[in-house]
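S.K.: Can you read through this structure? Questions will come right after.
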Amino acid sequence: MKIMLYGLRRDEGPHAVRYAEKFGWEVKSCHEILQESTAHLAEGCDAAFISVSCQVDAATAKILQRGGVKYLLTRSAGIDHIDVDTVLSLGIQIANVPAYSPNAVSEHTVMMTIEVLRNMREQQRRIAQMDFSIEGMCGREIHNLTTGVIGTGRIGTATVQNFSGFGGKLYAYDPYPSDLVAQYAEYLPLEEIYARCDILIFLCPLTDQTKHMVDRKAIQQMKGGVVLVNTSRGALFDWEAVRDGLKEGKIGGLAFDVIEGERPFIRKNMEDTPFEHPVFKELLSMPRTLYTAHAAFYTDEAVENMVGIAFMNLNEFLTTGDCKNKVTKGD
Ligand code: NAI
């Protein structure tokens with residue numbers, strides 16, 4: 001078995017080596033992402049391992065198939081970067097890593113929320129200039145606030161549990177409520193959560209229903225001064241509406257780890273590379289915003305699980321002919 005590892009980061013390398021030795025597979029690797037121009041590098045390999053930054057469109061998939069690739073293993077939960085139907089129609093099996101560490105994203109969400117409530121970005125900016133004044137930096141305490149978690153799957157559940165430790169009122173919304181979450185939070189319809197909450201945390205997937213769910217109409221339904229937290233997917237928000245809400249003061253703070261249209265710059269050093277995203281740049285310059293570069297997942301445990309589970313997915317395909325994390329048409 002020969003495998004090709006695309007977009008391999010330095011921190012993933014030792015885990016990949018360990019698992020390849022464990023299964024006795026021959027490994028090729030590169031730091032480049034998989035896309036049409038790099039697909040030929042997998043020629044002669046049985047499997048290609050990819051990251052969420054790779055772009056597997058129809059042309060790329062056809063080159064992989066011609067090169068002999070029979071398995072595509074993504075080290076991510078998301079599969080938006082893969083033209084699933086085309087890849088499957090070419091006889092290439094796909095598997096993902098649905099959960100590598102819900103706590104990683106949940107703890108990052110808690111951190112960002114508190115940092116916005118305590119004006120941490122502005123405090124750090126002042127401190128970097130040796131300005132130790134605290135005027136205007138007065139924060140708010142979660143236990144006095146009402147928090148709503150929208151989407152109570154794996155990460156949402158961990159987030160509700162983590163927030164319950166602060167003692168504030170908790171609400172949740174999900175088309176499929178869970179008994180576990182109901183022990184900590186009261187499920188309410190979305191409009192009621194919007195009307196009642198001081199903090200709104202979005203942890204649902206991007207679907208036709210959730211795309212731009214936070215638009216001008218939704219923002220109008222929210223409490224004045226609401227803090228929005230999006231550590232899920234950028235396209236859940238209409239970002240121009242969010243920017244305007246911040247400008248008008250209707251939105252009191254914004255923590256975001258994701259933004260629509262992030263693919264050209266995300267997780268890259270863009271210091272010397274001009275790029276266009278006027279709304280994003282405007283948001284970065286606003287005082288009550290906090291941004292991280294799609295990094296909520298990024299912990300030691302998550303990295304090890306992303307690599308390890310992707311390897312175990314391939315091993316499961318090879319030993320049983322199937323895989324519990326198999327991606328099927330329409331996923
Ligand atoms: P999950 O699949 O376990 O849970 C998603 C939940 O959202 C489900 O309970 C589902 O019923 C619910 N949902 C579906 N449609 C909804 C709607 N219209 N309104 C409210 N809830 C709805 O997913 P998991 O593992 O909890 O991940 C949640 C999201 O977090 C992912 O979809 C992904 O977008 C994001 N994510 C972000 C990462 C980051 O680094 N920032 C890393 C990993 C995931």
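Labels used: A, B, ... for chains in the order of the structure tokens, numbers from 1 for residues in each chain, and numbers from 1 for ligands as shown.
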Which neighbours of Phe237 in chain A fall inside 8 Å, counting only C-alpha atoms, when residues of the same chain fewer than 2 positions from it are skipped, and could you give them as a ChimeraX atom specification?
M.R.: /A:211-215,234-235,239,242,260
S.K.: Can you list every residue in range 46-138 of chain A that DSSP puts in helix (DSSP H, G or I), as a count of residues only?
M.R.: 40
S.K.: Do a neighbour search on His108 in chain A at 9 Å with only C-alpha atoms, toss out local chain neighbours closer than 5 positions, and write the hits as a list in words.
M.R.: Asn103, Thr113, Thr231, Ala295, Ala296 and Phe297 of chain A
S.K.: As a list in words, which residues of range 110-227 of chain A does DSSP assign to strand (DSSP E)?
M.R.: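 Listing strand (DSSP E) positions across range 110-227 of chain A yields Thr146, Thr147, Gly148, Val149, Ile150, Lys169, Leu170, Tyr171, Ala172, Tyr173, Glu186, Tyr187, Ile199, Leu200, Ile201, Phe202, Val226 and Val227 of chain A.
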S.K.: Hey, which of A:Ala48, A:Gln161, A:Val229, A:Thr273 ends up closest to Asp257 in chain A? Count only C-alpha atoms.
M.R.: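 Ranking A:Ala48, A:Gln161, A:Val229, A:Thr273 by distance to Asp257 in chain A, first place goes to A:Val229.
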S.K.: Can you tell me which residues sit at most 7 Å away from ligand 1, counting only C-alpha atoms and all ligand atoms, written as a PDB file with all heavy atoms, in the first residue's frame?
M.R.:
ATOM      1  N   ALA A  77     -13.396  17.217   9.276  1.00  0.00           N
ATOM      2  CA  ALA A  77     -14.809  16.821   9.406  1.00  0.00           C
ATOM      3  C   ALA A  77     -15.553  17.281   8.149  1.00  0.00           C
ATOM      4  O   ALA A  77     -16.333  16.531   7.563  1.00  0.00           O
ATOM      5  CB  ALA A  77     -15.407  17.480  10.639  1.00  0.00           C
ATOM      6  N   GLY A  78     -15.278  18.517   7.722  1.00  0.00           N
ATOM      7  CA  GLY A  78     -15.978  19.091   6.572  1.00  0.00           C
ATOM      8  C   GLY A  78     -15.571  18.421   5.273  1.00  0.00           C
ATOM      9  O   GLY A  78     -14.443  17.917   5.135  1.00  0.00           O
ATOM     10  N   PRO A  98     -15.266  12.735  11.349  1.00  0.00           N
ATOM     11  CA  PRO A  98     -16.410  13.547  11.794  1.00  0.00           C
ATOM     12  C   PRO A  98     -16.159  14.278  13.113  1.00  0.00           C
ATOM     13  O   PRO A  98     -16.647  15.385  13.310  1.00  0.00           O
ATOM     14  CB  PRO A  98     -17.545  12.528  11.958  1.00  0.00           C
ATOM     15  CG  PRO A  98     -17.095  11.301  11.248  1.00  0.00           C
ATOM     16  CD  PRO A  98     -15.604  11.319  11.212  1.00  0.00           C
ATOM     17  N   ALA A  99     -15.413  13.655  14.022  1.00  0.00           N
ATOM     18  CA  ALA A  99     -15.161  14.323  15.316  1.00  0.00           C
ATOM     19  C   ALA A  99     -13.732  14.040  15.737  1.00  0.00           C
ATOM     20  O   ALA A  99     -13.372  12.905  15.963  1.00  0.00           O
ATOM     21  CB  ALA A  99     -16.116  13.799  16.378  1.00  0.00           C
ATOM     22  N   PRO A 102     -14.307  17.704  19.823  1.00  0.00           N
ATOM     23  CA  PRO A 102     -15.333  18.738  20.037  1.00  0.00           C
ATOM     24  C   PRO A 102     -14.911  19.741  21.104  1.00  0.00           C
ATOM     25  O   PRO A 102     -15.227  20.921  21.027  1.00  0.00           O
ATOM     26  CB  PRO A 102     -16.560  17.935  20.492  1.00  0.00           C
ATOM     27  CG  PRO A 102     -16.335  16.562  19.958  1.00  0.00           C
ATOM     28  CD  PRO A 102     -14.846  16.352  19.955  1.00  0.00           C
ATOM     29  N   VAL A 105     -12.889  22.945  19.835  1.00  0.00           N
ATOM     30  CA  VAL A 105     -13.685  24.061  19.302  1.00  0.00           C
ATOM     31  C   VAL A 105     -14.500  24.706  20.427  1.00  0.00           C
ATOM     32  O   VAL A 105     -14.616  25.935  20.502  1.00  0.00           O
ATOM     33  CB  VAL A 105     -14.610  23.585  18.158  1.00  0.00           C
ATOM     34  CG1 VAL A 105     -15.392  24.753  17.578  1.00  0.00           C
ATOM     35  CG2 VAL A 105     -13.797  22.901  17.056  1.00  0.00           C
ATOM     36  N   ILE A 150     -26.866  27.758  19.287  1.00  0.00           N
ATOM     37  CA  ILE A 150     -27.663  27.342  18.133  1.00  0.00           C
ATOM     38  C   ILE A 150     -26.905  26.228  17.424  1.00  0.00           C
ATOM     39  O   ILE A 150     -25.840  26.447  16.858  1.00  0.00           O
ATOM     40  CB  ILE A 150     -27.924  28.559  17.203  1.00  0.00           C
ATOM     41  CG1 ILE A 150     -28.859  29.526  17.950  1.00  0.00           C
ATOM     42  CG2 ILE A 150     -28.598  28.135  15.900  1.00  0.00           C
ATOM     43  CD1 ILE A 150     -28.275  30.828  18.235  1.00  0.00           C
ATOM     44  N   GLY A 151     -27.462  25.024  17.511  1.00  0.00           N
ATOM     45  CA  GLY A 151     -26.787  23.822  17.017  1.00  0.00           C
ATOM     46  C   GLY A 151     -26.171  23.092  18.193  1.00  0.00           C
ATOM     47  O   GLY A 151     -25.146  23.512  18.724  1.00  0.00           O
ATOM     48  N   THR A 152     -26.846  22.015  18.633  1.00  0.00           N
ATOM     49  CA  THR A 152     -26.335  21.300  19.812  1.00  0.00           C
ATOM     50  C   THR A 152     -25.930  19.873  19.432  1.00  0.00           C
ATOM     51  O   THR A 152     -26.413  18.898  20.002  1.00  0.00           O
ATOM     52  CB  THR A 152     -27.368  21.291  20.965  1.00  0.00           C
ATOM     53  OG1 THR A 152     -28.611  20.764  20.466  1.00  0.00           O
ATOM     54  CG2 THR A 152     -27.592  22.680  21.505  1.00  0.00           C
ATOM     55  N   GLY A 153     -25.045  19.781  18.436  1.00  0.00           N
ATOM     56  CA  GLY A 153     -24.427  18.497  18.099  1.00  0.00           C
ATOM     57  C   GLY A 153     -23.247  18.278  19.034  1.00  0.00           C
ATOM     58  O   GLY A 153     -23.278  18.677  20.201  1.00  0.00           O
ATOM     59  N   ARG A 154     -22.188  17.672  18.500  1.00  0.00           N
ATOM     60  CA  ARG A 154     -21.033  17.338  19.362  1.00  0.00           C
ATOM     61  C   ARG A 154     -20.418  18.584  19.992  1.00  0.00           C
ATOM     62  O   ARG A 154     -20.211  18.650  21.205  1.00  0.00           O
ATOM     63  CB  ARG A 154     -19.973  16.596  18.535  1.00  0.00           C
ATOM     64  CG  ARG A 154     -20.347  15.167  18.228  1.00  0.00           C
ATOM     65  CD  ARG A 154     -19.441  14.600  17.178  1.00  0.00           C
ATOM     66  NE  ARG A 154     -19.785  15.140  15.878  1.00  0.00           N
ATOM     67  CZ  ARG A 154     -20.141  14.407  14.810  1.00  0.00           C
ATOM     68  NH1 ARG A 154     -20.159  13.106  14.907  1.00  0.00           N
ATOM     69  NH2 ARG A 154     -20.451  14.961  13.664  1.00  0.00           N
ATOM     70  N   ILE A 155     -20.135  19.607  19.159  1.00  0.00           N
ATOM     71  CA  ILE A 155     -19.453  20.803  19.689  1.00  0.00           C
ATOM     72  C   ILE A 155     -20.427  21.647  20.513  1.00  0.00           C
ATOM     73  O   ILE A 155     -20.079  22.159  21.575  1.00  0.00           O
ATOM     74  CB  ILE A 155     -18.833  21.632  18.542  1.00  0.00           C
ATOM     75  CG1 ILE A 155     -17.784  20.794  17.792  1.00  0.00           C
ATOM     76  CG2 ILE A 155     -18.198  22.913  19.073  1.00  0.00           C
ATOM     77  CD1 ILE A 155     -17.284  21.415  16.495  1.00  0.00           C
ATOM     78  N   GLY A 156     -21.662  21.766  20.027  1.00  0.00           N
ATOM     79  CA  GLY A 156     -22.671  22.537  20.758  1.00  0.00           C
ATOM     80  C   GLY A 156     -22.928  21.943  22.135  1.00  0.00           C
ATOM     81  O   GLY A 156     -23.065  22.680  23.120  1.00  0.00           O
ATOM     82  N   TYR A 173     -31.084  25.949  20.654  1.00  0.00           N
ATOM     83  CA  TYR A 173     -31.985  25.655  19.538  1.00  0.00           C
ATOM     84  C   TYR A 173     -31.319  24.607  18.647  1.00  0.00           C
ATOM     85  O   TYR A 173     -30.119  24.716  18.320  1.00  0.00           O
ATOM     86  CB  TYR A 173     -32.286  26.900  18.691  1.00  0.00           C
ATOM     87  CG  TYR A 173     -33.027  26.515  17.436  1.00  0.00           C
ATOM     88  CD1 TYR A 173     -34.376  26.163  17.503  1.00  0.00           C
ATOM     89  CD2 TYR A 173     -32.378  26.424  16.210  1.00  0.00           C
ATOM     90  CE1 TYR A 173     -35.054  25.745  16.373  1.00  0.00           C
ATOM     91  CE2 TYR A 173     -33.054  26.012  15.070  1.00  0.00           C
ATOM     92  CZ  TYR A 173     -34.387  25.673  15.163  1.00  0.00           C
ATOM     93  OH  TYR A 173     -35.056  25.238  14.046  1.00  0.00           O
ATOM     94  N   ASP A 174     -32.088  23.602  18.279  1.00  0.00           N
ATOM     95  CA  ASP A 174     -31.622  22.587  17.327  1.00  0.00           C
ATOM     96  C   ASP A 174     -32.885  21.873  16.830  1.00  0.00           C
ATOM     97  O   ASP A 174     -33.789  21.601  17.623  1.00  0.00           O
ATOM     98  CB  ASP A 174     -30.695  21.586  18.047  1.00  0.00           C
ATOM     99  CG  ASP A 174     -29.900  20.717  17.077  1.00  0.00           C
ATOM    100  OD1 ASP A 174     -30.520  19.978  16.268  1.00  0.00           O
ATOM    101  OD2 ASP A 174     -28.661  20.764  17.114  1.00  0.00           O
ATOM    102  N   PRO A 175     -32.989  21.598  15.516  1.00  0.00           N
ATOM    103  CA  PRO A 175     -34.160  20.852  15.039  1.00  0.00           C
ATOM    104  C   PRO A 175     -34.258  19.476  15.697  1.00  0.00           C
ATOM    105  O   PRO A 175     -35.339  18.881  15.723  1.00  0.00           O
ATOM    106  CB  PRO A 175     -33.924  20.712  13.529  1.00  0.00           C
ATOM    107  CG  PRO A 175     -32.734  21.518  13.183  1.00  0.00           C
ATOM    108  CD  PRO A 175     -32.061  21.963  14.443  1.00  0.00           C
ATOM    109  N   TYR A 176     -33.132  18.976  16.216  1.00  0.00           N
ATOM    110  CA  TYR A 176     -33.139  17.665  16.900  1.00  0.00           C
ATOM    111  C   TYR A 176     -32.609  17.855  18.320  1.00  0.00           C
ATOM    112  O   TYR A 176     -31.419  17.618  18.585  1.00  0.00           O
ATOM    113  CB  TYR A 176     -32.275  16.660  16.126  1.00  0.00           C
ATOM    114  CG  TYR A 176     -32.731  16.492  14.697  1.00  0.00           C
ATOM    115  CD1 TYR A 176     -32.111  17.195  13.662  1.00  0.00           C
ATOM    116  CD2 TYR A 176     -33.801  15.658  14.382  1.00  0.00           C
ATOM    117  CE1 TYR A 176     -32.544  17.068  12.354  1.00  0.00           C
ATOM    118  CE2 TYR A 176     -34.243  15.524  13.072  1.00  0.00           C
ATOM    119  CZ  TYR A 176     -33.609  16.241  12.067  1.00  0.00           C
ATOM    120  OH  TYR A 176     -34.051  16.121  10.774  1.00  0.00           O
ATOM    121  N   LEU A 203     -23.261  27.110  16.239  1.00  0.00           N
ATOM    122  CA  LEU A 203     -22.487  25.871  16.086  1.00  0.00           C
ATOM    123  C   LEU A 203     -23.243  24.852  15.245  1.00  0.00           C
ATOM    124  O   LEU A 203     -23.236  23.656  15.528  1.00  0.00           O
ATOM    125  CB  LEU A 203     -22.135  25.300  17.460  1.00  0.00           C
ATOM    126  CG  LEU A 203     -21.029  26.084  18.172  1.00  0.00           C
ATOM    127  CD1 LEU A 203     -20.918  25.715  19.631  1.00  0.00           C
ATOM    128  CD2 LEU A 203     -19.689  25.901  17.465  1.00  0.00           C
ATOM    129  N   CYS A 204     -23.939  25.371  14.215  1.00  0.00           N
ATOM    130  CA  CYS A 204     -24.658  24.453  13.326  1.00  0.00           C
ATOM    131  C   CYS A 204     -23.941  24.385  11.978  1.00  0.00           C
ATOM    132  O   CYS A 204     -23.152  25.272  11.645  1.00  0.00           O
ATOM    133  CB  CYS A 204     -26.110  24.865  13.169  1.00  0.00           C
ATOM    134  SG  CYS A 204     -26.348  26.592  12.814  1.00  0.00           S
ATOM    135  N   PRO A 205     -24.179  23.334  11.204  1.00  0.00           N
ATOM    136  CA  PRO A 205     -23.472  23.203   9.923  1.00  0.00           C
ATOM    137  C   PRO A 205     -24.016  24.166   8.879  1.00  0.00           C
ATOM    138  O   PRO A 205     -25.122  24.701   9.045  1.00  0.00           O
ATOM    139  CB  PRO A 205     -23.760  21.754   9.517  1.00  0.00           C
ATOM    140  CG  PRO A 205     -25.013  21.399  10.235  1.00  0.00           C
ATOM    141  CD  PRO A 205     -25.077  22.214  11.483  1.00  0.00           C
ATOM    142  N   LEU A 206     -23.264  24.365   7.835  1.00  0.00           N
ATOM    143  CA  LEU A 206     -23.733  25.181   6.718  1.00  0.00           C
ATOM    144  C   LEU A 206     -24.600  24.312   5.813  1.00  0.00           C
ATOM    145  O   LEU A 206     -24.145  23.300   5.278  1.00  0.00           O
ATOM    146  CB  LEU A 206     -22.527  25.723   5.935  1.00  0.00           C
ATOM    147  CG  LEU A 206     -22.867  26.519   4.685  1.00  0.00           C
ATOM    148  CD1 LEU A 206     -23.689  27.755   5.024  1.00  0.00           C
ATOM    149  CD2 LEU A 206     -21.596  26.916   3.942  1.00  0.00           C
ATOM    150  N   GLN A 209     -30.547  25.721   4.550  1.00  0.00           N
ATOM    151  CA  GLN A 209     -31.383  26.390   5.562  1.00  0.00           C
ATOM    152  C   GLN A 209     -30.576  27.365   6.411  1.00  0.00           C
ATOM    153  O   GLN A 209     -31.100  28.373   6.875  1.00  0.00           O
ATOM    154  CB  GLN A 209     -32.029  25.363   6.526  1.00  0.00           C
ATOM    155  CG  GLN A 209     -33.168  24.553   5.949  1.00  0.00           C
ATOM    156  CD  GLN A 209     -32.660  23.480   5.003  1.00  0.00           C
ATOM    157  OE1 GLN A 209     -31.702  22.783   5.304  1.00  0.00           O
ATOM    158  NE2 GLN A 209     -33.304  23.363   3.839  1.00  0.00           N
ATOM    159  N   THR A 210     -29.306  27.043   6.667  1.00  0.00           N
ATOM    160  CA  THR A 210     -28.549  27.893   7.600  1.00  0.00           C
ATOM    161  C   THR A 210     -27.741  28.983   6.894  1.00  0.00           C
ATOM    162  O   THR A 210     -27.237  29.882   7.559  1.00  0.00           O
ATOM    163  CB  THR A 210     -27.585  27.048   8.474  1.00  0.00           C
ATOM    164  OG1 THR A 210     -26.648  26.385   7.624  1.00  0.00           O
ATOM    165  CG2 THR A 210     -28.327  26.024   9.316  1.00  0.00           C
ATOM    166  N   THR A 231     -18.048  30.178  15.467  1.00  0.00           N
ATOM    167  CA  THR A 231     -16.865  29.318  15.327  1.00  0.00           C
ATOM    168  C   THR A 231     -17.223  28.123  14.448  1.00  0.00           C
ATOM    169  O   THR A 231     -16.583  27.082  14.517  1.00  0.00           O
ATOM    170  CB  THR A 231     -16.367  28.837  16.704  1.00  0.00           C
ATOM    171  OG1 THR A 231     -17.495  28.422  17.480  1.00  0.00           O
ATOM    172  CG2 THR A 231     -15.636  29.919  17.450  1.00  0.00           C
ATOM    173  N   SER A 232     -18.255  28.303  13.622  1.00  0.00           N
ATOM    174  CA  SER A 232     -18.767  27.170  12.852  1.00  0.00           C
ATOM    175  C   SER A 232     -18.435  27.274  11.367  1.00  0.00           C
ATOM    176  O   SER A 232     -17.466  26.680  10.890  1.00  0.00           O
ATOM    177  CB  SER A 232     -20.268  27.075  13.077  1.00  0.00           C
ATOM    178  OG  SER A 232     -20.785  25.952  12.444  1.00  0.00           O
ATOM    179  N   ARG A 233     -19.224  28.053  10.634  1.00  0.00           N
ATOM    180  CA  ARG A 233     -18.966  28.266   9.205  1.00  0.00           C
ATOM    181  C   ARG A 233     -19.304  29.717   8.858  1.00  0.00           C
ATOM    182  O   ARG A 233     -20.354  30.233   9.253  1.00  0.00           O
ATOM    183  CB  ARG A 233     -19.816  27.318   8.346  1.00  0.00           C
ATOM    184  CG  ARG A 233     -19.282  25.896   8.268  1.00  0.00           C
ATOM    185  CD  ARG A 233     -17.949  25.812   7.521  1.00  0.00           C
ATOM    186  NE  ARG A 233     -17.374  24.479   7.517  1.00  0.00           N
ATOM    187  CZ  ARG A 233     -16.488  24.011   8.397  1.00  0.00           C
ATOM    188  NH1 ARG A 233     -16.076  24.768   9.393  1.00  0.00           N
ATOM    189  NH2 ARG A 233     -16.000  22.793   8.286  1.00  0.00           N
ATOM    190  N   ASP A 257     -14.278  32.981  14.089  1.00  0.00           N
ATOM    191  CA  ASP A 257     -13.143  32.132  13.702  1.00  0.00           C
ATOM    192  C   ASP A 257     -13.234  31.779  12.220  1.00  0.00           C
ATOM    193  O   ASP A 257     -12.320  31.155  11.680  1.00  0.00           O
ATOM    194  CB  ASP A 257     -13.179  30.852  14.557  1.00  0.00           C
ATOM    195  CG  ASP A 257     -11.988  29.933  14.329  1.00  0.00           C
ATOM    196  OD1 ASP A 257     -10.851  30.437  14.431  1.00  0.00           O
ATOM    197  OD2 ASP A 257     -12.189  28.741  14.048  1.00  0.00           O
ATOM    198  N   VAL A 258     -14.337  32.168  11.601  1.00  0.00           N
ATOM    199  CA  VAL A 258     -14.620  31.797  10.208  1.00  0.00           C
ATOM    200  C   VAL A 258     -15.285  32.984   9.529  1.00  0.00           C
ATOM    201  O   VAL A 258     -15.968  33.774  10.190  1.00  0.00           O
ATOM    202  CB  VAL A 258     -15.582  30.580  10.163  1.00  0.00           C
ATOM    203  CG1 VAL A 258     -14.875  29.294  10.554  1.00  0.00           C
ATOM    204  CG2 VAL A 258     -16.802  30.800  11.059  1.00  0.00           C
ATOM    205  N   HIS A 294      -9.582  30.559  11.567  1.00  0.00           N
ATOM    206  CA  HIS A 294     -10.109  29.173  11.488  1.00  0.00           C
ATOM    207  C   HIS A 294      -9.190  28.233  12.277  1.00  0.00           C
ATOM    208  O   HIS A 294      -8.705  27.221  11.766  1.00  0.00           O
ATOM    209  CB  HIS A 294     -10.246  28.720  10.026  1.00  0.00           C
ATOM    210  CG  HIS A 294     -11.352  27.716   9.846  1.00  0.00           C
ATOM    211  ND1 HIS A 294     -12.174  27.683   8.762  1.00  0.00           N
ATOM    212  CD2 HIS A 294     -11.770  26.705  10.644  1.00  0.00           C
ATOM    213  CE1 HIS A 294     -13.049  26.692   8.881  1.00  0.00           C
ATOM    214  NE2 HIS A 294     -12.815  26.092  10.017  1.00  0.00           N
ATOM    215  N   ALA A 295      -8.990  28.602  13.519  1.00  0.00           N
ATOM    216  CA  ALA A 295      -8.022  27.909  14.372  1.00  0.00           C
ATOM    217  C   ALA A 295      -8.682  27.237  15.578  1.00  0.00           C
ATOM    218  O   ALA A 295      -7.993  26.682  16.431  1.00  0.00           O
ATOM    219  CB  ALA A 295      -6.970  28.903  14.864  1.00  0.00           C
ATOM    220  N   ALA A 296     -10.016  27.286  15.636  1.00  0.00           N
ATOM    221  CA  ALA A 296     -10.687  26.760  16.831  1.00  0.00           C
ATOM    222  C   ALA A 296     -10.386  25.283  17.052  1.00  0.00           C
ATOM    223  O   ALA A 296     -10.335  24.802  18.174  1.00  0.00           O
ATOM    224  CB  ALA A 296     -12.200  26.978  16.728  1.00  0.00           C
ATOM    225  N   PHE A 297     -10.164  24.574  15.964  1.00  0.00           N
ATOM    226  CA  PHE A 297      -9.924  23.119  16.067  1.00  0.00           C
ATOM    227  C   PHE A 297      -8.519  22.807  16.586  1.00  0.00           C
ATOM    228  O   PHE A 297      -8.240  21.688  16.986  1.00  0.00           O
ATOM    229  CB  PHE A 297     -10.044  22.486  14.665  1.00  0.00           C
ATOM    230  CG  PHE A 297      -8.816  22.718  13.820  1.00  0.00           C
ATOM    231  CD1 PHE A 297      -7.854  21.730  13.676  1.00  0.00           C
ATOM    232  CD2 PHE A 297      -8.592  23.944  13.222  1.00  0.00           C
ATOM    233  CE1 PHE A 297      -6.697  21.950  12.931  1.00  0.00           C
ATOM    234  CE2 PHE A 297      -7.436  24.176  12.479  1.00  0.00           C
ATOM    235  CZ  PHE A 297      -6.495  23.182  12.334  1.00  0.00           C
ATOM    236  N   TYR A 298      -7.611  23.797  16.559  1.00  0.00           N
ATOM    237  CA  TYR A 298      -6.178  23.515  16.518  1.00  0.00           C
ATOM    238  C   TYR A 298      -5.567  23.274  17.897  1.00  0.00           C
ATOM    239  O   TYR A 298      -5.043  24.195  18.540  1.00  0.00           O
ATOM    240  CB  TYR A 298      -5.490  24.684  15.811  1.00  0.00           C
ATOM    241  CG  TYR A 298      -4.089  24.403  15.336  1.00  0.00           C
ATOM    242  CD1 TYR A 298      -3.722  23.140  14.921  1.00  0.00           C
ATOM    243  CD2 TYR A 298      -3.137  25.408  15.286  1.00  0.00           C
ATOM    244  CE1 TYR A 298      -2.441  22.879  14.477  1.00  0.00           C
ATOM    245  CE2 TYR A 298      -1.857  25.162  14.843  1.00  0.00           C
ATOM    246  CZ  TYR A 298      -1.517  23.886  14.440  1.00  0.00           C
ATOM    247  OH  TYR A 298      -0.251  23.641  14.003  1.00  0.00           O
TER     248      TYR A 298
END
S.K.: Measuring atom to atom with only C-alpha atoms, identify which of A:Gln183, A:Thr207, A:Thr299, A:Thr74 is nearest to Leu236 in chain A.
M.R.: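 Of all the options, A:Thr207 lies closest to Leu236 in chain A.
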S.K.: With only C-alpha atoms as the basis for distance, which of A:Ile94, A:Val149, A:Ile251, A:Ala302 is at the shortest distance from Asn325 in chain A?
M.R.: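 Going through A:Ile94, A:Val149, A:Ile251, A:Ala302 one by one, the smallest distance to Asn325 in chain A is for A:Ile94.
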S.K.: Using only C-alpha atoms, which of A:Tyr71, A:Met4, A:Arg9, A:Cys138 sits nearest Gly321 in chain A?
M.R.: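 Comparing A:Tyr71, A:Met4, A:Arg9, A:Cys138 against Gly321 in chain A, the winner is A:Tyr71.
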S.K.: Of the candidates A:Arg121, A:Lys247, A:Arg126, A:Arg18, which shows the shortest atom-to-atom distance to Thr289 in chain A, using only C-alpha atoms?
M.R.: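 Between A:Arg121, A:Lys247, A:Arg126, A:Arg18, the residue approaching Thr289 in chain A most closely is A:Arg121.
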S.K.: Would you pick out the contacts of Phe265 in chain A at 10 Å or less, using only C-alpha atoms, so that residues sharing its chain but fewer than 4 positions from it are not included, and give the list as a ChimeraX atom specification?
M.R.: /A:261,269-270,273-277,293
S.K.: What's around Ala16 in chain A at 9 Å? Count only C-alpha atoms, leave out sequence neighbours fewer than 6 positions away in its own chain, and write the answer as a count of residues only.
M.R.: 7
S.K.: Closest to Glu316 in chain A among A:Ala95, A:Ala182, A:Leu90, A:Leu190, using only C-alpha atoms?
M.R.: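 The closest residue to Glu316 in chain A is A:Ala95.
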S.K.: If we count only C-alpha atoms, what is near Leu290 in chain A at a cut-off of 9 Å, once residues fewer than 4 positions away on the same chain are taken out, given as an MDAnalysis selection string?
M.R.: chainID A and resid 112 115:116 120:121 253:257 283:284 286
S.K.: Selection from above, C-alpha atoms, as a PDB file, in the first residue's frame, can you write it?
M.R.:
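Written output follows (out_24.pdb):
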ATOM      1  CA  MET A 112     -13.359  34.069  22.417  1.00  0.00           C
ATOM      2  CA  GLU A 115     -12.286  37.900  25.485  1.00  0.00           C
ATOM      3  CA  VAL A 116     -14.981  39.939  23.715  1.00  0.00           C
ATOM      4  CA  MET A 120      -9.295  41.740  25.688  1.00  0.00           C
ATOM      5  CA  ARG A 121      -8.219  42.785  22.203  1.00  0.00           C
ATOM      6  CA  GLY A 253     -19.430  42.457  20.035  1.00  0.00           C
ATOM      7  CA  LEU A 254     -18.350  39.846  17.538  1.00  0.00           C
ATOM      8  CA  ALA A 255     -16.085  36.819  17.926  1.00  0.00           C
ATOM      9  CA  PHE A 256     -15.438  34.972  14.674  1.00  0.00           C
ATOM     10  CA  ASP A 257     -13.143  32.132  13.702  1.00  0.00           C
ATOM     11  CA  LEU A 283     -14.428  43.991  10.668  1.00  0.00           C
ATOM     12  CA  LEU A 284     -10.791  43.511  11.700  1.00  0.00           C
ATOM     13  CA  MET A 286     -13.471  47.545  14.437  1.00  0.00           C
TER      14      MET A 286
END
S.K.: Could you give me, as an MDAnalysis selection string, the residues within 8 Å of Tyr100 in chain A, counting only C-alpha atoms and dropping anything in the same chain fewer than 6 positions from it?
M.R.: chainID A and resid 77 301:303 305:306 309
S.K.: Could you dump the residues just selected with C-alpha atoms as an mmCIF file, in the first residue's frame?
M.R.:
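Writing done, so here's out-v3.cif:
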data_model
loop_
_atom_site.group_PDB
_atom_site.id
_atom_site.type_symbol
_atom_site.label_atom_id
_atom_site.label_comp_id
_atom_site.auth_asym_id
_atom_site.auth_seq_id
_atom_site.Cartn_x
_atom_site.Cartn_y
_atom_site.Cartn_z
ATOM 1 C CA ALA A 77 -14.809 16.821 9.406
ATOM 2 C CA GLU A 301 -5.315 16.295 20.704
ATOM 3 C CA ALA A 302 -7.221 17.341 17.571
ATOM 4 C CA VAL A 303 -4.123 17.152 15.329
ATOM 5 C CA ASN A 305 -6.892 12.491 16.059
ATOM 6 C CA MET A 306 -7.210 14.016 12.573
ATOM 7 C CA ILE A 309 -8.494 8.582 12.453
#
